[in-house]
Every structure is written in structure tokens, then in C-alpha cells.
>>> print(open('structure-v7.txt').read())   # compact mmCIF, C-alpha atoms
# COMPACT_ATOMS: atom_id res chain seq x y z
CA MET X 17 176.50 118.51 73.38
CA HIS X 18 173.42 116.49 74.16
CA VAL X 19 170.63 118.05 76.33
CA LEU X 20 170.39 116.11 79.58
CA ILE X 21 167.16 117.71 80.83
CA GLY X 22 164.20 117.15 78.55
CA LYS X 23 160.61 118.31 78.60
CA ARG X 24 159.43 115.14 80.37
CA GLN X 25 161.92 115.55 83.17
CA LEU X 26 160.85 119.17 83.74
CA ILE X 27 157.18 118.18 83.89
CA LEU X 28 157.95 115.29 86.25
CA ALA X 29 160.01 117.55 88.52
CA GLY X 30 157.19 120.12 88.57
CA LEU X 31 154.66 117.45 89.52
CA VAL X 32 156.90 116.17 92.33
CA VAL X 33 157.28 119.71 93.69
CA MET X 34 153.49 120.27 93.51
CA LEU X 35 152.85 116.97 95.31
CA GLY X 36 155.29 117.92 98.04
CA LEU X 37 153.65 121.32 98.37
CA ALA X 38 150.19 119.72 98.63
CA VAL X 39 151.38 117.34 101.37
CA PHE X 40 152.92 120.23 103.30
CA VAL X 41 149.79 122.40 103.02
CA ASN X 42 147.62 119.47 104.13
CA TRP X 43 149.88 118.80 107.12
CA TYR X 44 150.05 122.49 108.01
CA PHE X 45 146.28 123.04 108.05
CA THR X 46 145.32 119.76 109.74
CA ASN X 47 148.04 119.86 112.39
CA ASN X 48 146.56 122.92 114.16
CA GLY X 49 149.80 123.51 116.02
CA ALA X 50 149.58 120.28 118.05
CA PRO X 51 152.85 118.43 118.54
CA LEU X 52 153.13 115.21 116.58
CA SER X 53 153.81 111.87 118.20
CA PRO X 54 154.16 108.33 116.83
CA GLU X 55 150.58 107.66 118.01
CA GLY X 56 149.26 110.53 115.89
CA PRO X 57 148.33 114.10 116.77
CA ALA X 58 148.18 114.85 120.45
CA GLN X 59 144.64 114.88 121.79
CA THR X 60 143.48 117.61 124.10
CA GLU X 61 141.64 116.51 127.20
CA ARG X 62 137.90 117.13 127.17
CA SER X 63 135.54 116.56 130.00
CA ASP X 64 132.62 114.15 129.70
CA ALA X 65 130.25 117.10 130.00
CA GLU X 66 131.76 118.75 126.91
CA ASN X 67 131.63 115.53 124.90
CA GLY X 68 128.04 114.83 125.93
CA ALA X 69 126.98 118.41 125.22
CA ALA X 70 128.43 118.33 121.71
CA SER X 71 126.74 115.03 120.95
CA TYR X 72 123.47 116.16 122.50
CA VAL X 73 123.38 119.38 120.49
CA SER X 74 124.04 117.48 117.27
CA SER X 75 121.27 114.94 117.82
CA GLU X 76 118.93 117.68 119.06
CA ALA X 77 119.53 119.69 115.88
CA ALA X 78 118.82 116.64 113.71
CA ALA X 79 115.62 115.84 115.63
CA GLU X 80 114.56 119.48 115.29
CA PHE X 81 115.24 119.39 111.54
CA PHE X 82 113.06 116.30 111.03
CA ALA X 83 110.26 117.63 113.23
CA GLU X 84 110.25 120.96 111.40
CA ALA X 85 110.28 119.29 107.97
CA LYS X 86 107.33 117.07 108.89
CA HIS X 87 105.44 120.02 110.36
CA ASN X 88 106.04 122.16 107.26
CA ARG X 89 104.84 119.31 105.06
CA GLU X 90 101.65 118.95 107.11
CA VAL X 91 100.98 122.70 106.99
CA SER X 92 101.45 122.90 103.22
CA LEU X 93 99.28 119.80 102.68
CA ALA X 94 96.52 121.25 104.84
CA ALA X 95 96.67 124.56 102.95
CA ALA X 96 96.50 122.81 99.57
CA LEU X 97 93.58 120.65 100.68
CA GLU X 98 91.78 123.71 102.02
CA LYS X 99 92.12 125.51 98.67
CA LEU X 100 90.90 122.47 96.75
CA GLU X 101 87.95 122.01 99.09
CA ALA X 102 87.07 125.70 98.62
CA VAL X 103 86.99 125.13 94.86
CA MET X 104 84.69 122.15 95.36
CA ALA X 105 82.40 124.08 97.72
CA SER X 106 82.04 127.16 95.54
CA SER X 107 78.64 127.39 93.89
CA GLY X 108 80.01 128.81 90.63
CA ALA X 109 82.52 126.03 90.02
CA ALA X 110 82.11 123.99 86.86
CA GLN X 111 81.83 120.22 87.09
CA THR X 112 85.23 119.84 85.41
CA ASP X 113 86.86 122.06 88.08
CA ILE X 114 85.21 120.02 90.83
CA SER X 115 86.34 116.70 89.35
CA ALA X 116 89.89 118.08 88.83
CA ALA X 117 89.95 119.22 92.48
CA GLN X 118 88.77 115.77 93.60
CA GLU X 119 91.56 114.13 91.57
CA GLN X 120 94.16 116.48 93.07
CA ILE X 121 92.87 115.77 96.58
CA ALA X 122 93.13 112.04 95.90
CA ALA X 123 96.68 112.46 94.55
CA LEU X 124 97.78 114.58 97.52
CA THR X 125 96.36 112.17 100.09
CA ALA X 126 97.89 109.18 98.26
CA ALA X 127 101.33 110.87 98.24
CA ALA X 128 100.96 111.75 101.94
CA LYS X 129 100.09 108.13 102.74
CA LEU X 130 103.11 106.88 100.76
CA GLU X 131 105.40 109.31 102.60
CA THR X 132 104.04 108.21 105.98
CA ASP X 133 104.34 104.51 105.10
CA ILE X 134 107.91 104.93 103.86
CA GLU X 135 108.93 106.91 106.97
CA SER X 136 107.36 104.34 109.31
CA LEU X 137 109.06 101.39 107.64
CA VAL X 138 112.44 103.12 107.37
CA CYS X 139 112.35 104.10 111.04
CA ALA X 140 111.33 100.57 112.03
CA GLN X 141 114.02 98.81 110.01
CA THR X 142 116.94 101.21 110.42
CA GLY X 143 116.20 102.67 113.82
CA GLY X 144 116.79 106.26 112.71
CA ASP X 145 114.59 109.21 111.90
CA CYS X 146 113.86 110.23 108.32
CA VAL X 147 111.70 112.38 106.09
CA ALA X 148 110.30 111.03 102.82
CA VAL X 149 109.30 113.26 99.92
CA VAL X 150 107.28 111.69 97.13
CA GLY X 151 107.34 113.60 93.84
CA ASP X 152 105.80 112.87 90.46
CA ASN X 153 108.43 110.32 89.40
CA THR X 154 110.89 110.46 92.28
CA VAL X 155 111.14 109.55 95.94
CA GLU X 156 113.68 111.21 98.19
CA VAL X 157 114.44 110.09 101.72
CA ILE X 158 116.50 112.28 104.03
CA VAL X 159 118.18 110.50 106.95
CA THR X 160 120.63 111.43 109.69
CA ARG X 161 124.27 111.59 108.65
CA ASP X 162 125.33 108.71 110.93
CA MET X 163 122.67 106.46 109.38
CA LEU X 164 123.91 106.96 105.83
CA ASN X 165 125.81 103.83 104.81
CA ASP X 166 125.53 101.30 101.99
CA THR X 167 123.40 98.85 103.98
CA ALA X 168 120.90 101.50 105.08
CA VAL X 169 120.65 102.93 101.55
CA LEU X 170 119.91 99.46 100.18
CA GLN X 171 117.30 98.84 102.89
CA ILE X 172 115.66 102.20 102.21
CA SER X 173 115.67 101.62 98.45
CA ASP X 174 114.04 98.21 98.92
CA ILE X 175 111.39 99.72 101.21
CA ILE X 176 110.58 102.39 98.62
CA ARG X 177 110.38 99.81 95.82
CA SER X 178 108.01 97.64 97.85
CA VAL X 179 105.78 100.53 98.98
CA CYS X 180 105.43 102.51 95.75
CA GLY X 181 107.22 100.52 93.06
CA ALA X 182 109.72 103.26 92.15
CA GLY X 183 112.78 102.23 90.17
CA TYR X 184 116.23 102.54 91.70
CA GLU X 185 117.04 105.37 89.29
CA ASN X 186 114.15 107.40 90.77
CA ILE X 187 115.20 106.93 94.40
CA ARG X 188 117.48 109.37 96.18
CA VAL X 189 118.74 108.92 99.74
CA SER X 190 120.61 111.82 101.28
CA ALA X 191 121.85 112.98 104.68
CA ALA X 192 120.40 115.89 106.57
CA ILE X 193 122.77 118.78 107.09
CA ALA X 194 121.98 119.52 110.68
>>> encode(input="structure-v7.txt", output="C-alpha cells")
Amino acid sequence: MHVLIGKRQLILAGLVVMLGLAVFVNWYFTNNGAPLSPEGPAQTERSDAENGAASYVSSEAAAEFFAEAKHNREVSLAAALEKLEAVMASSGAAQTDISAAQEQIAALTAAAKLETDIESLVCAQTGGDCVAVVGDNTVEVIVTRDMLNDTAVLQISDIIRSVCGAGYENIRVSAAIA
């Protein structure tokens, strides 16, 4: 007698069962107990105040994130400049230490200027808030989640290339989790 069920058929049947199980689990957890209709899941009524409050809190949290990030950057820059200026002002500092401190101050202020220029141009061209972080070989720009699309990423990348000449492989655009 010839075997009618082979190894391939068993694997295929197992995959079909797993796919069906995955669809069921997805439906079960996304349905949330709402009755289904041909138009899609039933929507619960929400007042305009609830909708506005949710949107307001979200945009307020994003604005707070960007303000805090910029403030933290300014505080850390001021602290670093203060330490470098203390090295330059100390009477026992060697000339090499003073010249190294001057170079670091120049590098920090140049990076801060690049970050400010990038942020200003991105905000002007895209209309959204952002924070730019210039590293040794990289530039990262953090934008709001609703602003993150292909067109905005291309605009931001072009701005960064024109301001500091970074290659596309050294540019990273990401969304703020706020």
C-alpha cells in the first residue's frame, strides 16, 4: 500500500494551522471585545474635550522633551567650557595644556553652532521641532513622530549635508519617543 500522506503534506498542514492560529490571535487581541461590522470595528463615542486633551498632552510631552534636551545640552556645554577655561586660567598650566584647551573650546563652539544651524534650518523647512546632535563623524537629528516620513528625512539629510558636509551614511534621523 502506498503512503498517501508524506512529509511535505504534514509540514504544509502544520503551517496552515499555525497561520490560522496567528490570524485568530491577532483578531482576538485587536478586537477588544467590540462587535464587528462591515464598516470595521465599532467606534466608541468620545467627546471633543477628550480628543483635544489626548492630542494636547501628546504635543505637550514632545515640546517638553525637545526643550529639556536643548536645556541639558546647553548646561553640559557650559560646564565643559567652564572646565576648559579654568585650565586656561590656571597659573601652573603648561602651554601645551592651554593650547589643547583652546582647541577643545573651538571644537565645542563649532559643534554647538552646527547643531543650532541644523535645528534652525530643519524647523524652517519642515515646520516641526527637532534636536540635532553633532558627534565626531555622525549627525543625529531627533524629530517628532508625526514629522518622520521619507520626504522630511530627505530634506533633513540634505540640510545636514549642506551645513556640515556629512555623508548620508553618517546621518541618522529618528523620532522622539514622547
>>> axis_aligned_box(input="structure-v7.txt", around="range 43-47 of chain X", padding_each_side="8 Å", output="AutoDock Vina command-line options")
--center_x 147.7 --center_y 120.9 --center_z 109.8 --size_x 20.7 --size_y 20.2 --size_z 21.3
>>> residues_around(input="structure-v7.txt", residues="Ser173 in chain X", least_positions_apart="5", cutoff="9 Å", atoms="only C-alpha atoms", output="PyMOL selection string")
chain X and resi 168+178+182-184+187-189
>>> write_last_selection(input="structure-v7.txt", atoms="C-alpha atoms", output="compact mmCIF listing (two decimals), in the coordinates of the input")
# COMPACT_ATOMS: atom_id res chain seq x y z
CA ALA X 168 120.90 101.50 105.08
CA SER X 178 108.01 97.64 97.85
CA ALA X 182 109.72 103.26 92.15
CA GLY X 183 112.78 102.23 90.17
CA TYR X 184 116.23 102.54 91.70
CA ILE X 187 115.20 106.93 94.40
CA ARG X 188 117.48 109.37 96.18
CA VAL X 189 118.74 108.92 99.74
>>> atom_distance(input="structure-v7.txt", atom1="CA of Asp162 in chain X", atom2="CA of Ala83 in chain X")
17.7 Å
>>> atom_distance(input="structure-v7.txt", atom1="CA of Leu164 in chain X", atom2="CA of Glu90 in chain X")
25.3 Å
>>> closest_residue(input="structure-v7.txt", among="X:Ala127, X:Leu170, X:Val103, X:Ile158", to="Gln141 in chain X", atoms="all atoms listed in the file")
X:Leu170
>>> decode(input="structure-v7.txt", residues="range 77-91 of chain X", atoms="all heavy atoms", output="JSON list (two decimals), in the first residue's frame")
[["chain", "number", "residue", "atom", "x", "y", "z"],
["X", 77, "ALA", "N", 4.01, 66.84, 25.60],
["X", 77, "ALA", "CA", 5.10, 65.97, 26.00],
["X", 77, "ALA", "C", 6.27, 66.06, 25.01],
["X", 77, "ALA", "O", 7.43, 66.08, 25.41],
["X", 77, "ALA", "CB", 4.62, 64.52, 26.11],
["X", 78, "ALA", "N", 5.95, 66.15, 23.72],
["X", 78, "ALA", "CA", 7.01, 66.28, 22.72],
["X", 78, "ALA", "C", 7.74, 67.61, 22.87],
["X", 78, "ALA", "O", 8.97, 67.66, 22.82],
["X", 78, "ALA", "CB", 6.43, 66.15, 21.32],
["X", 79, "ALA", "N", 6.98, 68.69, 23.07],
["X", 79, "ALA", "CA", 7.60, 70.00, 23.24],
["X", 79, "ALA", "C", 8.48, 70.01, 24.50],
["X", 79, "ALA", "O", 9.57, 70.60, 24.49],
["X", 79, "ALA", "CB", 6.53, 71.08, 23.33],
["X", 80, "GLU", "N", 8.01, 69.36, 25.55],
["X", 80, "GLU", "CA", 8.78, 69.29, 26.79],
["X", 80, "GLU", "C", 10.07, 68.49, 26.58],
["X", 80, "GLU", "O", 11.13, 68.86, 27.08],
["X", 80, "GLU", "CB", 7.95, 68.64, 27.88],
["X", 80, "GLU", "CG", 8.61, 68.61, 29.23],
["X", 80, "GLU", "CD", 7.71, 68.01, 30.29],
["X", 80, "GLU", "OE1", 6.54, 68.40, 30.35],
["X", 80, "GLU", "OE2", 8.19, 67.15, 31.04],
["X", 81, "PHE", "N", 9.98, 67.41, 25.80],
["X", 81, "PHE", "CA", 11.17, 66.60, 25.50],
["X", 81, "PHE", "C", 12.23, 67.44, 24.79],
["X", 81, "PHE", "O", 13.40, 67.43, 25.16],
["X", 81, "PHE", "CB", 10.80, 65.39, 24.64],
["X", 81, "PHE", "CG", 12.00, 64.70, 24.05],
["X", 81, "PHE", "CD1", 12.77, 63.85, 24.81],
["X", 81, "PHE", "CD2", 12.38, 64.93, 22.73],
["X", 81, "PHE", "CE1", 13.88, 63.22, 24.28],
["X", 81, "PHE", "CE2", 13.49, 64.32, 22.19],
["X", 81, "PHE", "CZ", 14.23, 63.46, 22.97],
["X", 82, "PHE", "N", 11.82, 68.17, 23.75],
["X", 82, "PHE", "CA", 12.78, 68.96, 22.99],
["X", 82, "PHE", "C", 13.36, 70.10, 23.83],
["X", 82, "PHE", "O", 14.56, 70.38, 23.76],
["X", 82, "PHE", "CB", 12.13, 69.51, 21.72],
["X", 82, "PHE", "CG", 11.86, 68.45, 20.69],
["X", 82, "PHE", "CD1", 10.58, 68.13, 20.31],
["X", 82, "PHE", "CD2", 12.91, 67.74, 20.12],
["X", 82, "PHE", "CE1", 10.33, 67.15, 19.37],
["X", 82, "PHE", "CE2", 12.68, 66.76, 19.18],
["X", 82, "PHE", "CZ", 11.38, 66.46, 18.80],
["X", 83, "ALA", "N", 12.53, 70.74, 24.62],
["X", 83, "ALA", "CA", 13.02, 71.83, 25.48],
["X", 83, "ALA", "C", 14.03, 71.28, 26.50],
["X", 83, "ALA", "O", 15.07, 71.91, 26.74],
["X", 83, "ALA", "CB", 11.86, 72.51, 26.18],
["X", 84, "GLU", "N", 13.73, 70.15, 27.10],
["X", 84, "GLU", "CA", 14.63, 69.56, 28.09],
["X", 84, "GLU", "C", 15.94, 69.12, 27.44],
["X", 84, "GLU", "O", 17.02, 69.31, 28.01],
["X", 84, "GLU", "CB", 13.95, 68.37, 28.77],
["X", 84, "GLU", "CG", 14.77, 67.76, 29.87],
["X", 84, "GLU", "CD", 14.05, 66.62, 30.58],
["X", 84, "GLU", "OE1", 12.81, 66.59, 30.56],
["X", 84, "GLU", "OE2", 14.75, 65.77, 31.15],
["X", 85, "ALA", "N", 15.87, 68.54, 26.25],
["X", 85, "ALA", "CA", 17.09, 68.10, 25.56],
["X", 85, "ALA", "C", 17.99, 69.29, 25.23],
["X", 85, "ALA", "O", 19.20, 69.24, 25.43],
["X", 85, "ALA", "CB", 16.73, 67.33, 24.29],
["X", 86, "LYS", "N", 17.39, 70.37, 24.76],
["X", 86, "LYS", "CA", 18.18, 71.56, 24.43],
["X", 86, "LYS", "C", 18.77, 72.19, 25.70],
["X", 86, "LYS", "O", 19.92, 72.63, 25.70],
["X", 86, "LYS", "CB", 17.32, 72.57, 23.67],
["X", 86, "LYS", "CG", 17.00, 72.10, 22.27],
["X", 86, "LYS", "CD", 16.06, 73.05, 21.56],
["X", 86, "LYS", "CE", 15.68, 72.51, 20.19],
["X", 86, "LYS", "NZ", 14.75, 73.38, 19.49],
["X", 87, "HIS", "N", 18.00, 72.20, 26.77],
["X", 87, "HIS", "CA", 18.49, 72.76, 28.03],
["X", 87, "HIS", "C", 19.66, 71.91, 28.57],
["X", 87, "HIS", "O", 20.67, 72.46, 29.00],
["X", 87, "HIS", "CB", 17.36, 72.83, 29.06],
["X", 87, "HIS", "CG", 17.82, 73.25, 30.42],
["X", 87, "HIS", "ND1", 18.21, 74.53, 30.71],
["X", 87, "HIS", "CD2", 17.98, 72.54, 31.57],
["X", 87, "HIS", "CE1", 18.58, 74.60, 31.97],
["X", 87, "HIS", "NE2", 18.44, 73.40, 32.52],
["X", 88, "ASN", "N", 19.50, 70.59, 28.55],
["X", 88, "ASN", "CA", 20.58, 69.72, 29.02],
["X", 88, "ASN", "C", 21.84, 69.90, 28.19],
["X", 88, "ASN", "O", 22.95, 69.88, 28.73],
["X", 88, "ASN", "CB", 20.13, 68.25, 28.99],
["X", 88, "ASN", "CG", 19.09, 67.94, 30.03],
["X", 88, "ASN", "OD1", 18.90, 68.70, 30.99],
["X", 88, "ASN", "ND2", 18.38, 66.85, 29.85],
["X", 89, "ARG", "N", 21.68, 70.08, 26.89],
["X", 89, "ARG", "CA", 22.83, 70.29, 26.03],
["X", 89, "ARG", "C", 23.54, 71.60, 26.39],
["X", 89, "ARG", "O", 24.76, 71.66, 26.47],
["X", 89, "ARG", "CB", 22.40, 70.31, 24.57],
["X", 89, "ARG", "CG", 23.57, 70.53, 23.62],
["X", 89, "ARG", "CD", 23.15, 70.52, 22.18],
["X", 89, "ARG", "NE", 22.20, 71.57, 21.93],
["X", 89, "ARG", "CZ", 21.37, 71.60, 20.90],
["X", 89, "ARG", "NH1", 21.38, 70.62, 20.03],
["X", 89, "ARG", "NH2", 20.53, 72.58, 20.74],
["X", 90, "GLU", "N", 22.76, 72.65, 26.63],
["X", 90, "GLU", "CA", 23.35, 73.94, 27.00],
["X", 90, "GLU", "C", 24.08, 73.87, 28.33],
["X", 90, "GLU", "O", 25.17, 74.43, 28.50],
["X", 90, "GLU", "CB", 22.27, 75.02, 27.05],
["X", 90, "GLU", "CG", 21.72, 75.40, 25.70],
["X", 90, "GLU", "CD", 20.53, 76.34, 25.80],
["X", 90, "GLU", "OE1", 20.17, 76.76, 26.92],
["X", 90, "GLU", "OE2", 19.94, 76.63, 24.75],
["X", 91, "VAL", "N", 23.49, 73.16, 29.30],
["X", 91, "VAL", "CA", 24.11, 73.03, 30.62],
["X", 91, "VAL", "C", 25.43, 72.26, 30.52],
["X", 91, "VAL", "O", 26.45, 72.66, 31.09],
["X", 91, "VAL", "CB", 23.14, 72.35, 31.61],
["X", 91, "VAL", "CG1", 23.85, 71.93, 32.88],
["X", 91, "VAL", "CG2", 21.98, 73.27, 31.93]]
